[in-house]
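Okay, coords-v8.pdb now, which holds PDB, C-alpha atoms:
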ATOM      1  CA  MET Y  30     -31.230 -31.921  20.933
ATOM      2  CA  ARG Y  31     -33.349 -34.706  19.418
ATOM      3  CA  LYS Y  32     -31.377 -37.166  21.558
ATOM      4  CA  GLY Y  33     -32.074 -35.130  24.670
ATOM      5  CA  ILE Y  34     -28.420 -34.434  25.504
ATOM      6  CA  TYR Y  35     -28.107 -30.777  24.499
ATOM      7  CA  PRO Y  36     -26.874 -28.722  27.507
ATOM      8  CA  PHE Y  37     -29.682 -27.126  29.511
ATOM      9  CA  GLN Y  38     -32.389 -28.076  27.008
ATOM     10  CA  LYS Y  39     -35.968 -28.477  28.113
ATOM     11  CA  LYS Y  40     -37.499 -31.924  28.183
ATOM     12  CA  ALA Y  41     -39.800 -33.285  25.495
ATOM     13  CA  PRO Y  42     -42.330 -32.607  24.204
ATOM     14  CA  LEU Y  43     -40.682 -29.802  22.257
ATOM     15  CA  THR Y  44     -40.529 -28.498  18.701
ATOM     16  CA  PRO Y  45     -36.924 -28.433  17.478
ATOM     17  CA  GLY Y  46     -35.295 -25.798  15.312
ATOM     18  CA  TYR Y  47     -32.646 -23.343  16.474
ATOM     19  CA  CYS Y  48     -32.994 -20.265  14.248
ATOM     20  CA  LEU Y  49     -35.135 -18.844  11.478
ATOM     21  CA  VAL Y  50     -35.630 -16.184   8.844
ATOM     22  CA  GLY Y  51     -39.301 -15.356   8.469
ATOM     23  CA  THR Y  52     -41.942 -12.730   7.769
ATOM     24  CA  VAL Y  53     -43.706 -10.904  10.599
ATOM     25  CA  ARG Y  54     -47.403 -11.768  10.493
ATOM     26  CA  ALA Y  55     -48.733  -9.977  13.578
ATOM     27  CA  ASN Y  56     -47.571  -7.941  16.577
ATOM     28  CA  SER Y  57     -48.746  -8.068  20.140
ATOM     29  CA  GLU Y  58     -49.337  -4.931  22.164
ATOM     30  CA  GLY Y  59     -46.159  -2.985  22.820
ATOM     31  CA  CYS Y  60     -44.248  -3.954  19.665
ATOM     32  CA  ARG Y  61     -42.785  -0.857  18.025
ATOM     33  CA  ILE Y  62     -39.839  -1.945  15.872
ATOM     34  CA  PHE Y  63     -41.322  -4.226  13.228
ATOM     35  CA  LYS Y  64     -44.550  -4.257  11.243
ATOM     36  CA  PRO Y  65     -46.339  -7.105   9.446
ATOM     37  CA  GLY Y  66     -44.489  -7.954   6.264
ATOM     38  CA  ASP Y  67     -41.028  -7.219   7.634
ATOM     39  CA  VAL Y  68     -38.496 -10.034   7.264
ATOM     40  CA  VAL Y  69     -36.528 -10.843  10.409
ATOM     41  CA  ALA Y  70     -33.854 -13.255  11.592
ATOM     42  CA  VAL Y  71     -34.119 -14.796  15.063
ATOM     43  CA  LEU Y  72     -32.106 -17.164  17.225
ATOM     44  CA  THR Y  73     -34.881 -19.152  18.913
ATOM     45  CA  LYS Y  74     -33.277 -22.390  20.270
ATOM     46  CA  TYR Y  75     -36.664 -24.093  19.767
ATOM     47  CA  ASP Y  76     -39.782 -24.043  17.579
ATOM     48  CA  THR Y  77     -38.548 -23.132  14.081
ATOM     49  CA  GLU Y  78     -39.828 -26.387  12.597
ATOM     50  CA  ALA Y  79     -43.344 -25.115  13.258
ATOM     51  CA  GLU Y  80     -45.306 -23.077  10.700
ATOM     52  CA  LEU Y  81     -45.773 -20.120  13.048
ATOM     53  CA  VAL Y  82     -43.760 -19.060  16.086
ATOM     54  CA  ASN Y  83     -44.008 -16.208  18.593
ATOM     55  CA  GLN Y  84     -40.741 -14.482  19.478
ATOM     56  CA  PRO Y  85     -39.866 -11.487  21.670
ATOM     57  CA  GLU Y  86     -39.304  -8.476  19.448
ATOM     58  CA  LYS Y  87     -36.005  -7.605  21.118
ATOM     59  CA  TYR Y  88     -34.399 -10.760  19.707
ATOM     60  CA  CYS Y  89     -35.457 -10.119  16.104
ATOM     61  CA  THR Y  90     -33.070  -8.532  13.617
ATOM     62  CA  ARG Y  91     -34.290  -7.017  10.370
ATOM     63  CA  VAL Y  92     -33.110  -8.783   7.215
ATOM     64  CA  PRO Y  93     -32.159  -6.109   4.649
ATOM     65  CA  ASP Y  94     -34.079  -5.972   1.388
ATOM     66  CA  GLY Y  95     -32.614  -8.089  -1.363
ATOM     67  CA  VAL Y  96     -30.848 -10.553   0.925
ATOM     68  CA  ASP Y  97     -31.391 -14.175  -0.045
ATOM     69  CA  HIS Y  98     -33.276 -15.844   2.791
ATOM     70  CA  ARG Y  99     -31.452 -19.137   2.324
ATOM     71  CA  GLN Y 100     -28.140 -17.436   2.976
ATOM     72  CA  ALA Y 101     -29.472 -15.297   5.816
ATOM     73  CA  THR Y 102     -30.702 -18.377   7.693
ATOM     74  CA  ALA Y 103     -27.081 -19.365   8.344
ATOM     75  CA  ILE Y 104     -26.389 -16.078  10.128
ATOM     76  CA  PRO Y 105     -28.152 -16.201  13.571
ATOM     77  CA  CYS Y 106     -26.648 -19.507  14.697
ATOM     78  CA  ASP Y 107     -23.735 -20.823  12.610
ATOM     79  CA  TRP Y 108     -22.085 -17.611  11.458
ATOM     80  CA  ASN Y 109     -22.962 -15.792  14.658
ATOM     81  CA  THR Y 110     -21.182 -18.542  16.595
ATOM     82  CA  ALA Y 111     -18.129 -18.363  14.342
ATOM     83  CA  TYR Y 112     -18.021 -14.569  14.433
ATOM     84  CA  GLY Y 113     -18.181 -14.482  18.225
ATOM     85  CA  MET Y 114     -15.363 -16.994  18.593
ATOM     86  CA  VAL Y 115     -13.064 -15.456  15.993
ATOM     87  CA  MET Y 116     -13.634 -11.791  16.823
ATOM     88  CA  HIS Y 117     -14.358 -11.841  20.573
ATOM     89  CA  ALA Y 118     -13.149 -15.079  22.208
ATOM     90  CA  ALA Y 119      -9.882 -15.714  20.323
ATOM     91  CA  LYS Y 120      -9.423 -12.246  18.789
ATOM     92  CA  VAL Y 121      -7.760 -13.776  15.730
ATOM     93  CA  SER Y 122      -5.339 -11.391  14.035
ATOM     94  CA  LYS Y 123      -3.013 -11.193  11.050
ATOM     95  CA  GLY Y 124      -0.122 -13.632  11.040
ATOM     96  CA  GLN Y 125      -1.567 -16.024  13.602
ATOM     97  CA  ARG Y 126      -2.021 -19.757  13.082
ATOM     98  CA  VAL Y 127      -5.518 -21.157  13.631
ATOM     99  CA  PHE Y 128      -6.613 -24.797  13.869
ATOM    100  CA  ILE Y 129     -10.250 -25.855  13.388
ATOM    101  CA  HIS Y 130     -11.771 -29.271  14.015
ATOM    102  CA  GLY Y 131     -14.609 -29.988  11.622
ATOM    103  CA  ILE Y 132     -13.363 -27.298   9.272
ATOM    104  CA  SER Y 133     -15.727 -28.401   6.490
ATOM    105  CA  GLY Y 134     -18.833 -28.116   8.691
ATOM    106  CA  SER Y 135     -21.135 -25.111   8.832
ATOM    107  CA  VAL Y 136     -19.507 -23.392  11.821
ATOM    108  CA  GLY Y 137     -16.022 -24.658  10.965
ATOM    109  CA  CYS Y 138     -16.187 -23.284   7.432
ATOM    110  CA  ALA Y 139     -17.342 -19.918   8.769
ATOM    111  CA  ILE Y 140     -14.441 -19.868  11.261
ATOM    112  CA  MET Y 141     -12.037 -20.657   8.425
ATOM    113  CA  ILE Y 142     -13.302 -17.861   6.193
ATOM    114  CA  LEU Y 143     -13.448 -15.267   8.974
ATOM    115  CA  SER Y 144      -9.958 -16.214  10.194
ATOM    116  CA  ARG Y 145      -8.578 -15.946   6.658
ATOM    117  CA  LEU Y 146     -10.154 -12.516   6.325
ATOM    118  CA  GLN Y 147      -8.361 -11.542   9.536
ATOM    119  CA  GLY Y 148      -5.076 -12.574   7.905
ATOM    120  CA  ALA Y 149      -4.484 -15.832   9.764
ATOM    121  CA  GLU Y 150      -3.044 -19.101   8.492
ATOM    122  CA  VAL Y 151      -5.744 -21.763   8.793
ATOM    123  CA  TYR Y 152      -5.408 -25.491   9.374
ATOM    124  CA  GLY Y 153      -7.988 -28.079  10.360
ATOM    125  CA  THR Y 154      -9.399 -31.585  10.325
ATOM    126  CA  ALA Y 155     -12.071 -32.844   7.943
ATOM    127  CA  SER Y 156     -13.117 -35.848   5.939
ATOM    128  CA  GLU Y 157     -10.707 -36.404   3.070
ATOM    129  CA  ARG Y 158     -13.476 -35.964   0.493
ATOM    130  CA  ASN Y 159     -13.707 -32.293   1.514
ATOM    131  CA  HIS Y 160     -10.004 -31.471   1.402
ATOM    132  CA  GLY Y 161     -10.124 -30.011  -2.105
ATOM    133  CA  ASP Y 162     -12.794 -27.486  -1.120
ATOM    134  CA  ILE Y 163     -10.867 -26.487   1.998
ATOM    135  CA  ARG Y 164      -7.733 -25.818  -0.036
ATOM    136  CA  GLN Y 165      -9.749 -23.607  -2.390
ATOM    137  CA  TYR Y 166     -10.694 -21.447   0.610
ATOM    138  CA  GLY Y 167      -7.042 -21.158   1.604
ATOM    139  CA  GLY Y 168      -7.033 -23.717   4.408
ATOM    140  CA  THR Y 169      -4.701 -26.661   4.985
ATOM    141  CA  PRO Y 170      -6.666 -29.842   5.778
ATOM    142  CA  PHE Y 171      -5.728 -32.931   7.761
ATOM    143  CA  VAL Y 172      -7.470 -36.227   8.482
ATOM    144  CA  TYR Y 173      -8.454 -36.286  12.157
ATOM    145  CA  THR Y 174      -7.952 -39.980  12.806
ATOM    146  CA  ASP Y 175      -4.267 -40.421  11.918
ATOM    147  CA  LYS Y 176      -3.218 -37.642  14.366
ATOM    148  CA  ASN Y 177      -0.508 -36.376  11.991
ATOM    149  CA  TRP Y 178      -1.856 -32.884  12.554
ATOM    150  CA  ILE Y 179      -0.564 -32.908  16.143
ATOM    151  CA  GLU Y 180       3.058 -33.381  15.066
ATOM    152  CA  LYS Y 181       2.746 -30.951  12.140
ATOM    153  CA  MET Y 182       1.307 -28.143  14.268
ATOM    154  CA  ASN Y 183       3.937 -28.553  16.970
ATOM    155  CA  GLU Y 184       6.661 -28.463  14.306
ATOM    156  CA  LEU Y 185       5.343 -24.995  13.386
ATOM    157  CA  GLY Y 186       5.622 -23.857  16.993
ATOM    158  CA  GLY Y 187       1.996 -24.498  17.868
ATOM    159  CA  VAL Y 188      -1.101 -22.539  16.956
ATOM    160  CA  HIS Y 189      -2.478 -19.346  18.438
ATOM    161  CA  ALA Y 190      -6.089 -20.588  18.522
ATOM    162  CA  VAL Y 191      -7.825 -23.962  18.328
ATOM    163  CA  PHE Y 192     -11.587 -24.229  17.803
ATOM    164  CA  ASP Y 193     -12.875 -27.587  19.038
ATOM    165  CA  PRO Y 194     -16.510 -28.810  18.877
ATOM    166  CA  LEU Y 195     -15.609 -32.438  19.565
ATOM    167  CA  GLY Y 196     -14.851 -32.494  23.286
ATOM    168  CA  PHE Y 197     -13.707 -35.324  25.515
ATOM    169  CA  GLU Y 198     -10.210 -36.562  24.509
ATOM    170  CA  SER Y 199     -10.091 -34.032  21.697
ATOM    171  CA  PHE Y 200      -9.793 -31.192  24.213
ATOM    172  CA  ASP Y 201      -6.507 -32.696  25.458
ATOM    173  CA  GLU Y 202      -5.190 -33.134  21.922
ATOM    174  CA  SER Y 203      -6.153 -29.584  20.996
ATOM    175  CA  TYR Y 204      -4.473 -28.179  24.092
ATOM    176  CA  SER Y 205      -1.263 -30.016  23.173
ATOM    177  CA  ILE Y 206      -0.839 -28.042  19.932
ATOM    178  CA  LEU Y 207      -1.253 -24.569  21.450
ATOM    179  CA  ALA Y 208       1.537 -22.029  21.175
ATOM    180  CA  PRO Y 209       2.802 -20.692  24.533
ATOM    181  CA  ARG Y 210       0.134 -17.961  24.649
ATOM    182  CA  GLY Y 211      -2.508 -19.741  22.602
ATOM    183  CA  ILE Y 212      -6.183 -20.219  23.392
ATOM    184  CA  LEU Y 213      -8.391 -23.299  23.066
ATOM    185  CA  VAL Y 214     -11.972 -22.303  22.271
ATOM    186  CA  ALA Y 215     -14.296 -25.243  22.876
ATOM    187  CA  TYR Y 216     -17.866 -25.068  21.648
ATOM    188  CA  GLY Y 217     -19.309 -28.561  21.715
ATOM    189  CA  ASN Y 218     -19.087 -32.201  22.823
ATOM    190  CA  ASN Y 219     -19.930 -33.935  19.570
ATOM    191  CA  LYS Y 220     -17.198 -36.551  19.407
ATOM    192  CA  ASN Y 221     -19.297 -39.507  20.534
ATOM    193  CA  ALA Y 222     -22.414 -38.542  18.599
ATOM    194  CA  LEU Y 223     -20.430 -38.141  15.368
ATOM    195  CA  SER Y 224     -18.754 -41.514  15.762
ATOM    196  CA  ASN Y 225     -21.951 -43.331  16.819
ATOM    197  CA  GLY Y 226     -20.273 -44.207  20.090
ATOM    198  CA  GLU Y 227     -21.802 -44.639  23.516
ATOM    199  CA  LEU Y 228     -22.972 -41.294  24.856
ATOM    200  CA  ARG Y 229     -20.870 -40.065  27.773
ATOM    201  CA  ASN Y 230     -21.364 -37.295  30.289
ATOM    202  CA  PRO Y 231     -19.481 -34.223  28.973
ATOM    203  CA  TRP Y 232     -19.160 -32.323  32.247
ATOM    204  CA  GLY Y 233     -15.936 -33.974  33.419
ATOM    205  CA  PRO Y 234     -13.965 -32.998  30.297
ATOM    206  CA  ILE Y 235     -15.475 -29.495  30.400
ATOM    207  CA  ALA Y 236     -14.428 -29.088  34.047
ATOM    208  CA  LYS Y 237     -10.912 -30.240  33.156
ATOM    209  CA  LEU Y 238     -10.846 -27.804  30.259
ATOM    210  CA  VAL Y 239     -11.750 -24.835  32.459
ATOM    211  CA  ALA Y 240      -9.455 -25.959  35.291
ATOM    212  CA  ARG Y 241      -6.432 -25.649  33.003
ATOM    213  CA  ASN Y 242      -6.715 -21.881  33.464
ATOM    214  CA  LEU Y 243      -5.758 -22.349  37.121
ATOM    215  CA  ASN Y 244      -2.248 -23.516  36.241
ATOM    216  CA  PRO Y 245       0.113 -20.619  37.116
ATOM    217  CA  LEU Y 246       2.980 -22.175  35.152
ATOM    218  CA  THR Y 247       1.480 -21.624  31.690
ATOM    219  CA  CYS Y 248       0.096 -18.728  29.674
ATOM    220  CA  LYS Y 249      -2.116 -21.006  27.581
ATOM    221  CA  ARG Y 250      -5.838 -20.296  27.953
ATOM    222  CA  THR Y 251      -9.091 -22.215  27.532
ATOM    223  CA  THR Y 252     -12.736 -21.226  27.278
ATOM    224  CA  PHE Y 253     -16.060 -22.838  26.466
ATOM    225  CA  PHE Y 254     -18.020 -20.668  24.049
ATOM    226  CA  GLY Y 255     -21.765 -20.497  23.513
ATOM    227  CA  ILE Y 256     -24.137 -17.994  21.945
ATOM    228  CA  PHE Y 257     -27.015 -16.543  23.930
ATOM    229  CA  ARG Y 258     -29.503 -14.094  22.576
ATOM    230  CA  ASP Y 259     -29.443 -12.164  25.858
ATOM    231  CA  SER Y 260     -25.755 -11.479  25.304
ATOM    232  CA  SER Y 261     -24.829  -7.847  24.637
ATOM    233  CA  THR Y 262     -23.110  -8.924  21.407
ATOM    234  CA  TYR Y 263     -25.997 -10.963  19.956
ATOM    235  CA  VAL Y 264     -27.920  -8.265  18.084
ATOM    236  CA  PRO Y 265     -24.828  -6.240  17.034
ATOM    237  CA  ASN Y 266     -23.115  -9.347  15.640
ATOM    238  CA  VAL Y 267     -26.155 -10.559  13.709
ATOM    239  CA  THR Y 268     -26.759  -7.038  12.401
ATOM    240  CA  THR Y 269     -23.146  -6.747  11.275
ATOM    241  CA  LEU Y 270     -23.244 -10.084   9.448
ATOM    242  CA  LEU Y 271     -26.573  -9.363   7.747
ATOM    243  CA  TRP Y 272     -25.366  -5.925   6.691
ATOM    244  CA  GLY Y 273     -22.215  -7.437   5.179
ATOM    245  CA  LEU Y 274     -24.372  -9.970   3.358
ATOM    246  CA  SER Y 275     -26.617  -7.227   1.965
ATOM    247  CA  GLN Y 276     -23.658  -5.171   0.767
ATOM    248  CA  TYR Y 277     -22.223  -8.070  -1.159
ATOM    249  CA  GLN Y 278     -25.536  -8.998  -2.757
ATOM    250  CA  SER Y 279     -26.313  -5.411  -3.730
ATOM    251  CA  ARG Y 280     -23.008  -5.195  -5.597
ATOM    252  CA  THR Y 281     -23.290  -8.535  -7.398
ATOM    253  CA  ASN Y 282     -27.061  -8.685  -7.994
ATOM    254  CA  GLY Y 283     -27.012 -12.396  -7.273
ATOM    255  CA  ILE Y 284     -27.118 -15.001  -4.532
ATOM    256  CA  TRP Y 285     -24.371 -14.349  -2.043
ATOM    257  CA  THR Y 286     -21.842 -17.099  -1.504
ATOM    258  CA  ILE Y 287     -20.976 -17.353   2.147
ATOM    259  CA  SER Y 288     -17.245 -17.303   1.400
ATOM    260  CA  LYS Y 289     -17.446 -13.677   0.268
ATOM    261  CA  LEU Y 290     -18.179 -12.261   3.702
ATOM    262  CA  ARG Y 291     -16.229  -9.131   4.591
ATOM    263  CA  THR Y 292     -15.853  -7.925   8.152
ATOM    264  CA  VAL Y 293     -17.843  -4.714   8.505
ATOM    265  CA  SER Y 294     -18.763  -2.371  11.323
ATOM    266  CA  GLY Y 295     -22.345  -1.958  12.252
ATOM    267  CA  VAL Y 296     -24.274  -1.415  14.714
ATOM    268  CA  GLU Y 297     -41.032  -5.502  23.872
ATOM    269  CA  GLY Y 298     -43.538  -7.587  22.947
ATOM    270  CA  LEU Y 299     -43.988 -10.670  20.803
ATOM    271  CA  VAL Y 300     -43.706 -10.906  17.031
ATOM    272  CA  SER Y 301     -45.594 -13.687  15.265
ATOM    273  CA  VAL Y 302     -43.486 -14.904  12.369
ATOM    274  CA  ARG Y 303     -44.373 -17.062   9.374
ATOM    275  CA  PHE Y 304     -41.512 -18.777   7.508
TER     276      PHE Y 304
END
Step by step, read the file and then write its structure as structure tokens.
Amino acid sequence: MRKGIYPFQKKAPLTPGYCLVGTVRANSEGCRIFKPGDVVAVLTKYDTEAELVNQPEKYCTRVPDGVDHRQATAIPCDWNTAYGMVMHAAKVSKGQRVFIHGISGSVGCAIMILSRLQGAEVYGTASERNHGDIRQYGGTPFVYTDKNWIEKMNELGGVHAVFDPLGFESFDESYSILAPRGILVAYGNNKNALSNGELRNPWGPIAKLVARNLNPLTCKRTTFFGIFRDSSTYVPNVTTLLWGLSQYQSRTNGIWTISKLRTVSGVEGLVSVRF
């Protein structure tokens, strides 16, 4: 977003910052859900690097008492993204094989943990320095650059879901390791930015990705996933994740580690928030 290449972003000047956990300071007329002093989580897309921000009340989700705010801040964007892809887009289930690019990143790690909790086998690419941590979470790591993961996954019969934030040529590579009825869930075009390469237009590879669904000779599927706070799943998903976080912390009386998440069932105006 700072480089000005985030899809559909507004032009500068803007205040960056995608999500927040903060305390309600004041309500405008018509607000009925929250009162000053309540702690809320919000997916904002902009503005969270300011001291104060106004947000529509309908997008705010109450943070349960006792939840560590540092942990809760990861919920509206990173874990919400992972939860939507694992539970809704790919519908990961027990016994499936899952492959994650950037498995040691914030969203990738969340996908790994959620997929493991669903009973899936998890594989993925990451920097070699992070491989030990990935193995501790039950994942099997590969180095992206040597491409050995392509051969290894195809030897297993392919994977049932690939989660790819890299884009461009990586979409083709990810598609090549899908099982016959597998799904490629794309959620970014970060390959050039991460490698300090020349920035390229991502729309061609995205169009190719989506067009693969038009092939009547295969049952493989593709989708490009994004989170939107107007989505019908936004508030229920964030509420579910925050509730799971609160349940863990209430039992341990300590700071929740994100790896302990358990899948649980759960559920006008402007709110001025200080954080």
Point (-5.1, -24.1, 14.2), cut-off 6 Å, counting only C-alpha atoms, residues as a list in words: Arg126, Val127, Phe128, Ile129, Val151, Tyr152, Val188, Ala190 and Val191 of chain Y
Within-12 Å shell of (-28.8, -17.0, 22.3) in input frame, all atoms listed in the file, as a PyMOL selection string: chain Y and resi 47-48+71-75+87-89+105-107+109-110+113+254-264+266-267
Residue nearest Leu143 (chain Y) - candidates Y:Pro93, Y:Glu58, Y:Leu270, Y:Lys249, atoms counted: all atoms listed in the file: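 Selected residue with least distance to Leu143 (chain Y): Y:Leu270.
The two atoms in question, CA of Tyr173 (chain Y) and CA of Glu227 (chain Y), are spaced 19.4 Å apart.
Separating CA of Pro36 (chain Y) from CA of Lys176 (chain Y) is a distance of 28.5 Å.
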Residues selected by the PyMOL selection byres ((chain Y and resi 207) around 12), written as a PyMOL selection string: chain Y and resi 125-128+179-192+200-206+208-214+247-251
Exercise: Thr44 (chain Y) partners within 8 Å, all atoms listed in the file, chain neighbours under 3 positions left out, as a VMD selection string: chain Y and resid 75 to 79
Atom-to-atom span, CA of Leu49 (chain Y) and CA of Ile235 (chain Y), Å: 29.3 Å
Starting from the incomplete input, reconstruct all heavy atoms of region 180-189 of chain Y and report them as a PDB file, keeping the file's coordinate frame.
ATOM      1  N   GLU Y 180       1.622 -33.554  15.302  1.00  0.00           N
ATOM      2  CA  GLU Y 180       3.058 -33.381  15.066  1.00  0.00           C
ATOM      3  C   GLU Y 180       3.319 -32.179  14.167  1.00  0.00           C
ATOM      4  O   GLU Y 180       4.230 -31.373  14.429  1.00  0.00           O
ATOM      5  CB  GLU Y 180       3.634 -34.651  14.435  1.00  0.00           C
ATOM      6  CG  GLU Y 180       5.120 -34.561  14.144  1.00  0.00           C
ATOM      7  CD  GLU Y 180       5.661 -35.844  13.505  1.00  0.00           C
ATOM      8  OE1 GLU Y 180       4.878 -36.798  13.343  1.00  0.00           O
ATOM      9  OE2 GLU Y 180       6.851 -35.856  13.153  1.00  0.00           O
ATOM     10  N   LYS Y 181       2.525 -32.035  13.099  1.00  0.00           N
ATOM     11  CA  LYS Y 181       2.746 -30.951  12.140  1.00  0.00           C
ATOM     12  C   LYS Y 181       2.564 -29.585  12.790  1.00  0.00           C
ATOM     13  O   LYS Y 181       3.328 -28.653  12.544  1.00  0.00           O
ATOM     14  CB  LYS Y 181       1.788 -31.100  10.960  1.00  0.00           C
ATOM     15  CG  LYS Y 181       2.037 -32.326  10.102  1.00  0.00           C
ATOM     16  CD  LYS Y 181       3.381 -32.250   9.386  1.00  0.00           C
ATOM     17  CE  LYS Y 181       3.561 -33.429   8.435  1.00  0.00           C
ATOM     18  NZ  LYS Y 181       4.891 -33.393   7.757  1.00  0.00           N
ATOM     19  N   MET Y 182       1.548 -29.441  13.633  1.00  0.00           N
ATOM     20  CA  MET Y 182       1.307 -28.143  14.268  1.00  0.00           C
ATOM     21  C   MET Y 182       2.400 -27.810  15.280  1.00  0.00           C
ATOM     22  O   MET Y 182       2.838 -26.665  15.376  1.00  0.00           O
ATOM     23  CB  MET Y 182      -0.063 -28.137  14.949  1.00  0.00           C
ATOM     24  CG  MET Y 182      -1.247 -28.207  13.976  1.00  0.00           C
ATOM     25  SD  MET Y 182      -1.268 -26.863  12.754  1.00  0.00           S
ATOM     26  CE  MET Y 182      -0.582 -27.699  11.305  1.00  0.00           C
ATOM     27  N   ASN Y 183       2.871 -28.802  16.007  1.00  0.00           N
ATOM     28  CA  ASN Y 183       3.937 -28.553  16.970  1.00  0.00           C
ATOM     29  C   ASN Y 183       5.256 -28.242  16.272  1.00  0.00           C
ATOM     30  O   ASN Y 183       6.081 -27.478  16.788  1.00  0.00           O
ATOM     31  CB  ASN Y 183       4.088 -29.740  17.915  1.00  0.00           C
ATOM     32  CG  ASN Y 183       3.014 -29.749  18.998  1.00  0.00           C
ATOM     33  OD1 ASN Y 183       2.701 -28.713  19.577  1.00  0.00           O
ATOM     34  ND2 ASN Y 183       2.429 -30.910  19.258  1.00  0.00           N
ATOM     35  N   GLU Y 184       5.471 -28.805  15.084  1.00  0.00           N
ATOM     36  CA  GLU Y 184       6.661 -28.463  14.306  1.00  0.00           C
ATOM     37  C   GLU Y 184       6.663 -26.991  13.912  1.00  0.00           C
ATOM     38  O   GLU Y 184       7.725 -26.380  13.763  1.00  0.00           O
ATOM     39  CB  GLU Y 184       6.736 -29.342  13.055  1.00  0.00           C
ATOM     40  CG  GLU Y 184       7.123 -30.782  13.325  1.00  0.00           C
ATOM     41  CD  GLU Y 184       7.121 -31.627  12.069  1.00  0.00           C
ATOM     42  OE1 GLU Y 184       6.736 -31.097  11.001  1.00  0.00           O
ATOM     43  OE2 GLU Y 184       7.495 -32.818  12.144  1.00  0.00           O
ATOM     44  N   LEU Y 185       5.470 -26.418  13.741  1.00  0.00           N
ATOM     45  CA  LEU Y 185       5.343 -24.995  13.386  1.00  0.00           C
ATOM     46  C   LEU Y 185       5.475 -24.081  14.597  1.00  0.00           C
ATOM     47  O   LEU Y 185       5.457 -22.866  14.462  1.00  0.00           O
ATOM     48  CB  LEU Y 185       3.991 -24.746  12.707  1.00  0.00           C
ATOM     49  CG  LEU Y 185       3.769 -25.400  11.342  1.00  0.00           C
ATOM     50  CD1 LEU Y 185       2.339 -25.149  10.865  1.00  0.00           C
ATOM     51  CD2 LEU Y 185       4.775 -24.878  10.321  1.00  0.00           C
ATOM     52  N   GLY Y 186       5.564 -24.662  15.783  1.00  0.00           N
ATOM     53  CA  GLY Y 186       5.622 -23.857  16.993  1.00  0.00           C
ATOM     54  C   GLY Y 186       4.292 -23.734  17.697  1.00  0.00           C
ATOM     55  O   GLY Y 186       4.130 -22.909  18.601  1.00  0.00           O
ATOM     56  N   GLY Y 187       3.328 -24.560  17.275  1.00  0.00           N
ATOM     57  CA  GLY Y 187       1.996 -24.498  17.868  1.00  0.00           C
ATOM     58  C   GLY Y 187       1.112 -23.485  17.166  1.00  0.00           C
ATOM     59  O   GLY Y 187       1.552 -22.741  16.283  1.00  0.00           O
ATOM     60  N   VAL Y 188      -0.143 -23.456  17.568  1.00  0.00           N
ATOM     61  CA  VAL Y 188      -1.101 -22.539  16.956  1.00  0.00           C
ATOM     62  C   VAL Y 188      -1.595 -21.548  18.006  1.00  0.00           C
ATOM     63  O   VAL Y 188      -1.568 -21.817  19.206  1.00  0.00           O
ATOM     64  CB  VAL Y 188      -2.295 -23.288  16.331  1.00  0.00           C
ATOM     65  CG1 VAL Y 188      -1.833 -24.185  15.194  1.00  0.00           C
ATOM     66  CG2 VAL Y 188      -3.032 -24.120  17.375  1.00  0.00           C
ATOM     67  N   HIS Y 189      -2.038 -20.398  17.528  1.00  0.00           N
ATOM     68  CA  HIS Y 189      -2.478 -19.346  18.438  1.00  0.00           C
ATOM     69  C   HIS Y 189      -3.918 -19.537  18.893  1.00  0.00           C
ATOM     70  O   HIS Y 189      -4.320 -18.984  19.920  1.00  0.00           O
ATOM     71  CB  HIS Y 189      -2.316 -17.989  17.761  1.00  0.00           C
ATOM     72  CG  HIS Y 189      -0.894 -17.703  17.366  1.00  0.00           C
ATOM     73  ND1 HIS Y 189      -0.398 -18.025  16.120  1.00  0.00           N
ATOM     74  CD2 HIS Y 189       0.139 -17.178  18.076  1.00  0.00           C
ATOM     75  CE1 HIS Y 189       0.883 -17.678  16.058  1.00  0.00           C
ATOM     76  NE2 HIS Y 189       1.232 -17.170  17.231  1.00  0.00           N
TER      77      HIS Y 189
END
